[in-house]
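A.B. asks: I am sharing input.cif, which consists of mmCIF, C-alpha atoms and all ligand atoms:
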```cif
data_data
#
loop_
_atom_site.label_atom_id
_atom_site.label_comp_id
_atom_site.auth_asym_id
_atom_site.auth_seq_id
_atom_site.Cartn_x
_atom_site.Cartn_y
_atom_site.Cartn_z
CA MET Y 1 47.73 -88.22 -20.69
CA GLY Y 2 48.68 -89.67 -24.04
CA ALA Y 3 47.10 -89.42 -27.44
CA GLY Y 4 44.15 -91.49 -28.47
CA HIS Y 5 41.83 -90.36 -25.72
CA ASP Y 6 38.67 -88.53 -26.59
CA HIS Y 7 38.86 -85.44 -24.44
CA ALA Y 8 36.26 -83.56 -26.46
CA GLY Y 9 33.47 -85.21 -24.52
CA GLY Y 10 35.33 -85.17 -21.21
CA TYR Y 11 36.83 -88.20 -19.54
CA SER Y 12 35.47 -91.69 -19.76
CA GLU Y 13 34.10 -93.11 -16.54
CA MET Y 14 37.27 -95.16 -16.05
CA GLU Y 15 39.54 -92.15 -16.65
CA ALA Y 16 37.46 -90.02 -14.31
CA ARG Y 17 37.68 -92.66 -11.59
CA ALA Y 18 41.43 -93.04 -12.07
CA ARG Y 19 41.92 -89.26 -11.83
CA ALA Y 20 39.74 -89.02 -8.75
CA LEU Y 21 41.71 -91.81 -7.08
CA GLU Y 22 45.05 -90.29 -8.10
CA THR Y 23 44.01 -86.90 -6.71
CA LEU Y 24 42.90 -88.45 -3.43
CA LEU Y 25 46.19 -90.32 -3.04
CA TYR Y 26 48.16 -87.10 -3.67
CA GLU Y 27 46.06 -85.18 -1.16
CA ARG Y 28 46.56 -87.80 1.52
CA GLY Y 29 50.28 -87.82 0.82
CA LEU Y 30 50.26 -91.51 -0.12
CA LEU Y 31 51.58 -90.89 -3.62
CA THR Y 32 53.53 -88.19 -5.39
CA PRO Y 33 53.10 -87.13 -9.01
CA ALA Y 34 56.81 -87.80 -9.52
CA ALA Y 35 56.37 -91.43 -8.44
CA VAL Y 36 53.49 -91.91 -10.89
CA ASP Y 37 55.48 -90.25 -13.67
CA ALA Y 38 58.45 -92.52 -12.98
CA VAL Y 39 56.31 -95.66 -13.31
CA VAL Y 40 54.70 -94.45 -16.53
CA ARG Y 41 58.14 -93.51 -17.92
CA GLU Y 42 59.53 -96.92 -17.06
CA TYR Y 43 56.77 -98.70 -18.95
CA GLU Y 44 57.04 -96.32 -21.89
CA THR Y 45 60.80 -96.53 -22.30
CA ASP Y 46 62.31 -99.49 -20.45
CA VAL Y 47 59.63 -102.15 -20.60
CA GLY Y 48 58.21 -103.13 -23.95
CA PRO Y 49 57.59 -105.83 -26.53
CA LEU Y 50 61.30 -106.64 -26.58
CA ASN Y 51 60.74 -108.60 -23.37
CA GLY Y 52 57.92 -110.64 -24.86
CA ALA Y 53 60.00 -111.22 -27.98
CA ARG Y 54 62.75 -112.77 -25.84
CA VAL Y 55 60.23 -115.11 -24.24
CA VAL Y 56 58.86 -116.16 -27.63
CA ALA Y 57 62.32 -116.68 -29.13
CA ARG Y 58 63.37 -118.80 -26.16
CA ALA Y 59 60.26 -120.94 -26.60
CA TRP Y 60 61.12 -121.37 -30.29
CA VAL Y 61 64.63 -122.66 -29.60
CA ASP Y 62 64.06 -124.55 -26.35
CA ASP Y 63 61.25 -127.14 -26.28
CA ALA Y 64 61.48 -127.62 -22.53
CA TYR Y 65 61.08 -123.86 -21.99
CA ARG Y 66 58.16 -123.81 -24.41
CA GLN Y 67 56.50 -126.54 -22.36
CA ARG Y 68 57.05 -124.64 -19.13
CA LEU Y 69 55.73 -121.45 -20.73
CA LEU Y 70 52.52 -123.15 -21.80
CA GLU Y 71 52.06 -124.82 -18.43
CA ASP Y 72 52.82 -121.81 -16.22
CA GLY Y 73 53.37 -118.58 -18.09
CA THR Y 74 54.06 -116.52 -14.99
CA ALA Y 75 56.85 -118.81 -13.78
CA ALA Y 76 58.38 -119.10 -17.25
CA MET Y 77 58.35 -115.32 -17.66
CA ARG Y 78 60.08 -114.95 -14.27
CA GLU Y 79 62.78 -117.39 -15.39
CA LEU Y 80 63.86 -114.72 -17.86
CA GLY Y 81 63.60 -111.99 -15.24
CA TYR Y 82 60.22 -110.51 -16.17
CA GLY Y 83 57.42 -109.86 -13.72
CA GLY Y 84 55.78 -107.18 -11.64
CA ALA Y 85 52.74 -105.04 -12.22
CA GLU Y 86 50.07 -106.49 -14.48
CA GLY Y 87 52.04 -109.70 -14.86
CA TYR Y 88 50.89 -111.94 -12.06
CA HIS Y 89 48.87 -114.51 -13.97
CA LEU Y 90 50.23 -114.92 -17.43
CA ARG Y 91 48.95 -117.56 -19.78
CA ALA Y 92 50.67 -118.22 -23.09
CA LEU Y 93 48.55 -119.33 -26.05
CA ALA Y 94 50.32 -121.28 -28.76
CA ASN Y 95 49.32 -120.68 -32.36
CA THR Y 96 49.42 -123.83 -34.48
CA ALA Y 97 48.87 -124.65 -38.14
CA GLY Y 98 45.12 -124.80 -37.49
CA ILE Y 99 44.59 -122.39 -34.59
CA HIS Y 100 45.17 -118.64 -34.39
CA ASN Y 101 44.77 -116.88 -31.04
CA VAL Y 102 43.96 -113.21 -30.56
CA VAL Y 103 43.76 -111.27 -27.29
CA VAL Y 104 41.42 -108.53 -26.20
CA CYS Y 105 40.17 -107.00 -22.98
CA THR Y 106 36.49 -106.36 -23.55
CA LEU Y 107 36.06 -104.56 -20.21
CA CYS Y 108 39.00 -102.17 -20.30
CA SER Y 109 42.62 -102.66 -21.35
CA CYS Y 110 44.18 -105.52 -19.35
CA TYR Y 111 47.50 -106.37 -20.96
CA PRO Y 112 50.72 -108.16 -19.95
CA TRP Y 113 52.77 -105.05 -19.14
CA PRO Y 114 56.02 -106.82 -18.15
CA LEU Y 115 56.22 -108.46 -21.59
CA LEU Y 116 54.61 -105.94 -23.92
CA GLY Y 117 54.84 -102.58 -22.15
CA LEU Y 118 51.81 -100.28 -22.27
CA PRO Y 119 48.98 -101.25 -24.61
CA PRO Y 120 48.60 -99.45 -27.95
CA SER Y 121 45.68 -97.03 -28.18
CA TRP Y 122 43.74 -99.28 -30.58
CA TYR Y 123 43.83 -102.07 -27.99
CA LYS Y 124 42.06 -99.75 -25.55
CA SER Y 125 39.54 -98.49 -28.11
CA PRO Y 126 35.88 -99.53 -27.82
CA PRO Y 127 35.66 -100.56 -31.51
CA TYR Y 128 38.51 -103.08 -31.21
CA ARG Y 129 37.21 -104.41 -27.90
CA SER Y 130 33.72 -105.09 -29.22
CA ARG Y 131 34.39 -105.93 -32.85
CA VAL Y 132 37.22 -108.43 -32.40
CA VAL Y 133 34.79 -110.59 -30.43
CA ALA Y 134 31.92 -110.28 -32.90
CA ASP Y 135 33.99 -110.50 -36.08
CA PRO Y 136 37.58 -111.58 -35.39
CA ARG Y 137 38.35 -112.44 -39.01
CA GLY Y 138 37.11 -109.09 -40.22
CA VAL Y 139 39.16 -107.20 -37.64
CA LEU Y 140 42.29 -109.24 -38.34
CA ALA Y 141 41.87 -108.57 -42.07
CA GLU Y 142 41.87 -104.84 -41.28
CA PHE Y 143 45.24 -105.39 -39.59
CA GLY Y 144 46.40 -106.98 -42.85
CA LEU Y 145 46.22 -110.48 -41.44
CA HIS Y 146 44.27 -112.77 -43.74
CA LEU Y 147 43.86 -116.23 -42.28
CA ALA Y 148 43.02 -119.38 -44.21
CA ASP Y 149 39.34 -120.31 -44.06
CA GLU Y 150 40.14 -123.56 -42.27
CA THR Y 151 42.10 -121.81 -39.50
CA GLU Y 152 40.15 -121.64 -36.27
CA VAL Y 153 40.30 -118.20 -34.61
CA ARG Y 154 40.16 -118.15 -30.82
CA VAL Y 155 39.51 -114.87 -29.04
CA TRP Y 156 40.69 -114.59 -25.43
CA ASP Y 157 39.26 -111.98 -23.08
CA SER Y 158 41.82 -110.68 -20.58
CA SER Y 159 40.85 -109.71 -17.08
CA ALA Y 160 42.36 -108.55 -13.83
CA GLU Y 161 42.89 -112.24 -13.01
CA ILE Y 162 44.59 -113.39 -16.19
CA ARG Y 163 46.72 -111.86 -18.94
CA TYR Y 164 47.47 -113.56 -22.23
CA LEU Y 165 50.48 -113.69 -24.52
CA VAL Y 166 50.18 -115.24 -27.96
CA LEU Y 167 53.06 -117.55 -28.80
CA PRO Y 168 53.20 -117.22 -32.59
CA GLN Y 169 54.48 -119.97 -34.84
CA ARG Y 170 58.15 -119.81 -35.71
CA PRO Y 171 58.42 -118.44 -39.25
CA ALA Y 172 59.67 -120.69 -42.03
CA GLY Y 173 63.25 -120.31 -43.18
CA THR Y 174 64.65 -119.49 -39.75
CA THR Y 175 66.61 -122.65 -38.92
CA GLU Y 176 69.90 -120.76 -39.31
CA LEU Y 177 68.95 -117.91 -36.99
CA ASP Y 178 70.12 -117.66 -33.40
CA GLU Y 179 67.89 -116.71 -30.50
CA GLN Y 180 68.52 -112.95 -30.75
CA GLU Y 181 67.91 -112.94 -34.50
CA LEU Y 182 64.67 -114.82 -33.89
CA ALA Y 183 63.61 -112.30 -31.24
CA ASP Y 184 64.07 -109.54 -33.83
CA LEU Y 185 61.30 -111.17 -35.90
CA VAL Y 186 58.75 -111.09 -33.08
CA THR Y 187 56.48 -108.07 -33.34
CA ARG Y 188 54.24 -106.69 -30.64
CA ASP Y 189 51.14 -107.42 -32.71
CA SER Y 190 52.20 -111.02 -33.25
CA MET Y 191 52.07 -111.46 -29.46
CA ILE Y 192 48.57 -109.92 -29.29
CA GLY Y 193 47.45 -111.99 -32.27
CA THR Y 194 46.67 -109.11 -34.62
CA GLY Y 195 49.79 -109.85 -36.65
CA LEU Y 196 52.36 -112.48 -37.47
CA PRO Y 197 56.12 -112.47 -36.85
CA LEU Y 198 58.27 -110.97 -39.59
CA SER Y 199 59.80 -113.29 -42.12
CA PRO Y 200 63.61 -113.37 -42.23
CA GLU Y 201 63.53 -111.96 -45.77
CA GLY Y 202 61.48 -109.02 -44.50
CA VAL Y 203 64.12 -108.15 -41.92
CA ARG Y 204 67.04 -108.23 -44.39
CA GLU Y 205 65.33 -105.88 -46.82
FE FE L 301 41.07 -104.68 -18.80
#
```
Represent the structure contained in this file as structure tokens.
Ligand code: FE

C.D. replies:
Amino acid sequence: MGAGHDHAGGYSEMEARARALETLLYERGLLTPAAVDAVVREYETDVGPLNGARVVARAWVDDAYRQRLLEDGTAAMRELGYGGAEGYHLRALANTAGIHNVVVCTLCSCYPWPLLGLPPSWYKSPPYRSRVVADPRGVLAEFGLHLADETEVRVWDSSAEIRYLVLPQRPAGTTELDEQELADLVTRDSMIGTGLPLSPEGVRE
């Protein structure tokens, strides 16, 4: 599979289980390697943070949509045509002046695939998964995100039942921008909570 896995010591228990299951499904004729490859390719190339960025930008320009997104993330995501695997129970978390949300999956790597694509390798890494819970400010600082002391940091642990999307604050100086230009400011990490959206000046440079 991809980079970022430690193959030197063999497979992790989860990888070993996934491979065993995959092998069994092939042997029984229930699945073909081509079908698995097609799904992985789709999530690597066609589905990605661009989808989440459209959701965030819509919420920034449309208060009623923002309200619907915060009340029922799954339904609001479907309104824009996004859904499917790993996207059944989406909850959006709004950052405010005093609250910053950050998402993790302490058990494995649960992640809102329909909106963000496949998770980055650091999201799946044991150090991120344990340290962001114990020391969120320290981890965010390592991402270059230095929050004000008075900002409350909330860490949300994803699971098979619920996936989270951070709704970042709309950057200052963006009143002139249209929805597509706003979406261009929304980074993947800003929707995980390990970053902030770009500033409009940053994009023009
Ligand atoms: Fe998980």

A.B. asks: Nearest to ligand FE 301 (chain L): which of Y:Ala59, Y:Val102, Y:Leu196, Y:Ala160 is it, counting only C-alpha atoms and all ligand atoms?

C.D. replies: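 Closest residue, counting only C-alpha atoms and all ligand atoms: Y:Ala160.
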
A.B. asks: If you count only C-alpha atoms and all ligand atoms, which residues end up within 6 Å of ligand FE 301 (chain L), as a CSV table (one decimal) with C-alpha atoms, in the coordinates of the input?

C.D. replies:
```csv
chain,number,residue,atom,x,y,z
Y,105,CYS,CA,40.2,-107.0,-23.0
Y,107,LEU,CA,36.1,-104.6,-20.2
Y,108,CYS,CA,39.0,-102.2,-20.3
Y,109,SER,CA,42.6,-102.7,-21.4
Y,110,CYS,CA,44.2,-105.5,-19.4
Y,159,SER,CA,40.8,-109.7,-17.1
```

A.B. asks: From the list Y:Val139, Y:Leu30, Y:Ala172, Y:Leu147, which residue is nearest Val104 in chain Y when using all atoms listed in the file?

C.D. replies: Y:Val139

A.B. asks: Pick from Y:Leu24, Y:Leu177, Y:Ala94, Y:Val55: nearest to Tyr82 in chain Y, with only C-alpha atoms counted?

C.D. replies: Y:Val55

A.B. asks: One number please: CA of Met14 in chain Y to CA of Tyr26 in chain Y, in Å, one decimal.

C.D. replies: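 Distance reported for this atom pair: 18.4 Å.
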
A.B. asks: Find, counting only C-alpha atoms, the residue in Y:Glu22, Y:Glu161, Y:Asp178, Y:Glu152 that gets nearest to Pro136 in chain Y.

C.D. replies: Y:Glu152

A.B. asks: Just to confirm, what's the straight-line distance from CA of Glu150 in chain Y to CA of Val186 in chain Y in Å (one decimal)?

C.D. replies: 24.2 Å

A.B. asks: Kindly give the distance, in Å, that separates CA of Tyr43 in chain Y and CA of Pro119 in chain Y, rounded to a single decimal.

C.D. replies: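 Rounded to one decimal, the two atoms are 10.0 Å apart.
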
A.B. asks: Leaving out range 65-80 of chain Y and any residue of its chain fewer than 5 positions from it, which residues lie within 8 Å of it when counting all atoms listed in the file, given as number ranges by chain?

C.D. replies: Y: 55, 58-60, 87-94

A.B. asks: Residues as selected, C-alpha atoms, written as a PDB file, keeping the file's coordinate frame, can you do that?

C.D. replies:
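Produced file result.pdb, reproduced below:
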```pdb
ATOM      1  CA  VAL Y  55      60.230-115.110 -24.240  1.00  0.00           C
ATOM      2  CA  ARG Y  58      63.370-118.800 -26.160  1.00  0.00           C
ATOM      3  CA  ALA Y  59      60.260-120.940 -26.600  1.00  0.00           C
ATOM      4  CA  TRP Y  60      61.120-121.370 -30.290  1.00  0.00           C
ATOM      5  CA  GLY Y  87      52.040-109.700 -14.860  1.00  0.00           C
ATOM      6  CA  TYR Y  88      50.890-111.940 -12.060  1.00  0.00           C
ATOM      7  CA  HIS Y  89      48.870-114.510 -13.970  1.00  0.00           C
ATOM      8  CA  LEU Y  90      50.230-114.920 -17.430  1.00  0.00           C
ATOM      9  CA  ARG Y  91      48.950-117.560 -19.780  1.00  0.00           C
ATOM     10  CA  ALA Y  92      50.670-118.220 -23.090  1.00  0.00           C
ATOM     11  CA  LEU Y  93      48.550-119.330 -26.050  1.00  0.00           C
ATOM     12  CA  ALA Y  94      50.320-121.280 -28.760  1.00  0.00           C
TER      13      ALA Y  94
END
```
